[in-house]
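S.K.: Below are the structure tokens for one structure; questions will follow.
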Amino acid sequence: MEYTVTKFIHVTLAIVAVGFNASYGIWIARSARDPEHIGFVMRTIKLIDDRFANPAYGLLLLTGLFMALRAGYPLTTFWIAGALALYALVLVLAFAFIAPGFRAQLRALETDGPASDAYRAAAARGRAWGIVVSLMVLAIVFLMVAKPTP
């Protein structure tokens, strides 16, 4: 029973984390058509990321490790090891590029406005890194669902 409850929590956390992250591009694209709302959207994304998505990703790691160990899967199992490696890479990219880039984009928006070169450059970098990280997260989801073995 405790494994099943943990699995339910794990899947719910994945829905929250990945779902919120998947919506950010839509929010930003829509707000770009209405520049007076870009600041509100960017600050809301930061709030959602800080309070919901990122904590959910942290708890995903903990619940996933608990389930793997409880079920007797070695962490060297192909799909677990691959997901953990991608997770670590996503963390590095998030701390090294995504978070600082998002702060730079928000700062450029607040100081220079949405039409500025600084804002557009930061937005382009954020979009590129966001796509890369999103693909990695989707690969993690694939590994967790399909559990492929070589």
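Residues in the structure tokens are numbered from 1 in each chain, the chains being A, B, ... in the order shown, and ligands are numbered from 1 in the order shown.
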Would you mind listing what lies within 7 Å of region 61-68 of chain A as number ranges by chain, with only C-alpha atoms counted and same-chain residues fewer than 3 positions away left out?

M.R.: A: 3, 6, 10, 57-58, 71-73

S.K.: When you look at region 147-150 of chain A with a cut-off of 10 Å (counting only C-alpha atoms), what residues show up, excluding the ones that are within fewer than 5 positions of it in the same chain? I need them as a list in words.

M.R.: Thr77, Phe78, Trp79, Ile80, Ala83, Val141 and Phe142 of chain A

S.K.: Name the residues in contact with region 35-49 of chain A at a cut-off of 9 Å, using only C-alpha atoms, excluding same-chain residues fewer than 4 positions from it; report them as a list in words.

M.R.: Ala17, Phe20, Asn21, Tyr24, Trp27, Ile28, Arg30, Ser31, Ala53, Asn54, Pro55, Phe102, Gln105, Leu106, Leu109, Glu110, Gly113, Pro114 and Ala115 of chain A

S.K.: Could you please take those selected residues and save N, CA and C atoms as a PDB file, in the first residue's frame?

M.R.:
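Full text of again-v2.pdb as output:
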ATOM      1  N   ALA A  17       4.678  19.346 -12.025  1.00  0.00           N
ATOM      2  CA  ALA A  17       5.948  19.923 -12.468  1.00  0.00           C
ATOM      3  C   ALA A  17       6.010  20.076 -13.983  1.00  0.00           C
ATOM      4  N   PHE A  20       3.072  22.461 -15.412  1.00  0.00           N
ATOM      5  CA  PHE A  20       3.342  23.896 -15.280  1.00  0.00           C
ATOM      6  C   PHE A  20       4.431  24.326 -16.255  1.00  0.00           C
ATOM      7  N   ASN A  21       5.537  23.583 -16.292  1.00  0.00           N
ATOM      8  CA  ASN A  21       6.637  23.951 -17.194  1.00  0.00           C
ATOM      9  C   ASN A  21       6.190  24.002 -18.644  1.00  0.00           C
ATOM     10  N   TYR A  24       4.533  27.372 -19.712  1.00  0.00           N
ATOM     11  CA  TYR A  24       5.249  28.648 -19.698  1.00  0.00           C
ATOM     12  C   TYR A  24       5.391  29.260 -21.084  1.00  0.00           C
ATOM     13  N   TRP A  27       2.131  30.899 -22.069  1.00  0.00           N
ATOM     14  CA  TRP A  27       1.935  32.156 -21.336  1.00  0.00           C
ATOM     15  C   TRP A  27       2.787  33.279 -21.936  1.00  0.00           C
ATOM     16  N   ILE A  28       4.054  32.979 -22.181  1.00  0.00           N
ATOM     17  CA  ILE A  28       4.974  34.004 -22.689  1.00  0.00           C
ATOM     18  C   ILE A  28       4.585  34.418 -24.098  1.00  0.00           C
ATOM     19  N   ARG A  30       1.641  34.325 -25.488  1.00  0.00           N
ATOM     20  CA  ARG A  30       0.416  35.129 -25.443  1.00  0.00           C
ATOM     21  C   ARG A  30       0.683  36.529 -24.907  1.00  0.00           C
ATOM     22  N   SER A  31       1.535  36.638 -23.902  1.00  0.00           N
ATOM     23  CA  SER A  31       1.805  37.955 -23.327  1.00  0.00           C
ATOM     24  C   SER A  31       2.631  38.815 -24.271  1.00  0.00           C
ATOM     25  N   ALA A  53       6.447  24.090  -9.224  1.00  0.00           N
ATOM     26  CA  ALA A  53       7.144  23.204 -10.160  1.00  0.00           C
ATOM     27  C   ALA A  53       8.472  22.701  -9.595  1.00  0.00           C
ATOM     28  N   ASN A  54       9.323  23.603  -9.142  1.00  0.00           N
ATOM     29  CA  ASN A  54      10.637  23.173  -8.652  1.00  0.00           C
ATOM     30  C   ASN A  54      10.553  22.306  -7.399  1.00  0.00           C
ATOM     31  N   PRO A  55       9.703  22.656  -6.405  1.00  0.00           N
ATOM     32  CA  PRO A  55       9.554  21.721  -5.280  1.00  0.00           C
ATOM     33  C   PRO A  55       9.022  20.356  -5.730  1.00  0.00           C
ATOM     34  N   PHE A 102      16.530  33.670 -16.808  1.00  0.00           N
ATOM     35  CA  PHE A 102      15.188  34.175 -16.524  1.00  0.00           C
ATOM     36  C   PHE A 102      15.274  35.472 -15.719  1.00  0.00           C
ATOM     37  N   GLN A 105      16.274  38.181 -18.049  1.00  0.00           N
ATOM     38  CA  GLN A 105      15.141  38.549 -18.903  1.00  0.00           C
ATOM     39  C   GLN A 105      14.165  39.440 -18.136  1.00  0.00           C
ATOM     40  N   LEU A 106      13.855  39.090 -16.920  1.00  0.00           N
ATOM     41  CA  LEU A 106      12.952  39.892 -16.098  1.00  0.00           C
ATOM     42  C   LEU A 106      13.555  41.259 -15.798  1.00  0.00           C
ATOM     43  N   LEU A 109      13.391  43.361 -18.902  1.00  0.00           N
ATOM     44  CA  LEU A 109      12.006  43.781 -19.106  1.00  0.00           C
ATOM     45  C   LEU A 109      11.680  44.984 -18.229  1.00  0.00           C
ATOM     46  N   GLU A 110      12.072  44.896 -16.963  1.00  0.00           N
ATOM     47  CA  GLU A 110      11.749  45.959 -16.011  1.00  0.00           C
ATOM     48  C   GLU A 110      12.557  47.228 -16.235  1.00  0.00           C
ATOM     49  N   GLY A 113      12.391  47.403 -21.038  1.00  0.00           N
ATOM     50  CA  GLY A 113      11.131  47.169 -21.735  1.00  0.00           C
ATOM     51  C   GLY A 113      11.183  45.992 -22.690  1.00  0.00           C
ATOM     52  N   PRO A 114       9.999  45.539 -23.127  1.00  0.00           N
ATOM     53  CA  PRO A 114       9.913  44.342 -23.951  1.00  0.00           C
ATOM     54  C   PRO A 114      10.431  44.503 -25.382  1.00  0.00           C
ATOM     55  N   ALA A 115      10.588  45.726 -25.836  1.00  0.00           N
ATOM     56  CA  ALA A 115      11.083  45.942 -27.202  1.00  0.00           C
ATOM     57  C   ALA A 115      12.602  46.084 -27.248  1.00  0.00           C
TER      58      ALA A 115
END

S.K.: Can you pull out every residue within 12 Å of Ala88 (chain A), counting only C-alpha atoms, but drop anything in the same chain fewer than 4 positions away, and send it as a list in words?

M.R.: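 So, after excluding close chain neighbours, the residues are Tyr57, Gly58, Leu61, Ala81, Gly82, Ala83, Leu84, Val92, Leu93, Ala94, Phe95, Val133, Met136, Val137 and Ile140 of chain A.
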
S.K.: Could you list, as a ChimeraX atom specification, every residue within 9 Å of Ala139 (chain A), counting only C-alpha atoms and ignoring same-chain residues fewer than 5 positions away?

M.R.: /A:83,86,134,144

S.K.: Quick one, how far is CA of Met1 (chain A) from CA of Leu143 (chain A)?

M.R.: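 A separation of 23.9 Å between them.
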
S.K.: So how many Å separate CA of Ala123 (chain A) and CA of Arg51 (chain A), to one decimal?

M.R.: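 Taking CA of Ala123 (chain A) and CA of Arg51 (chain A), their separation equals 22.1 Å.
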
S.K.: Kindly indicate which residue among A:Asp34, A:Thr111, A:Ile98, A:Ala56 lies nearest to Val18 (chain A), using only C-alpha atoms for the distances.

M.R.: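 Closest candidate: A:Ala56.
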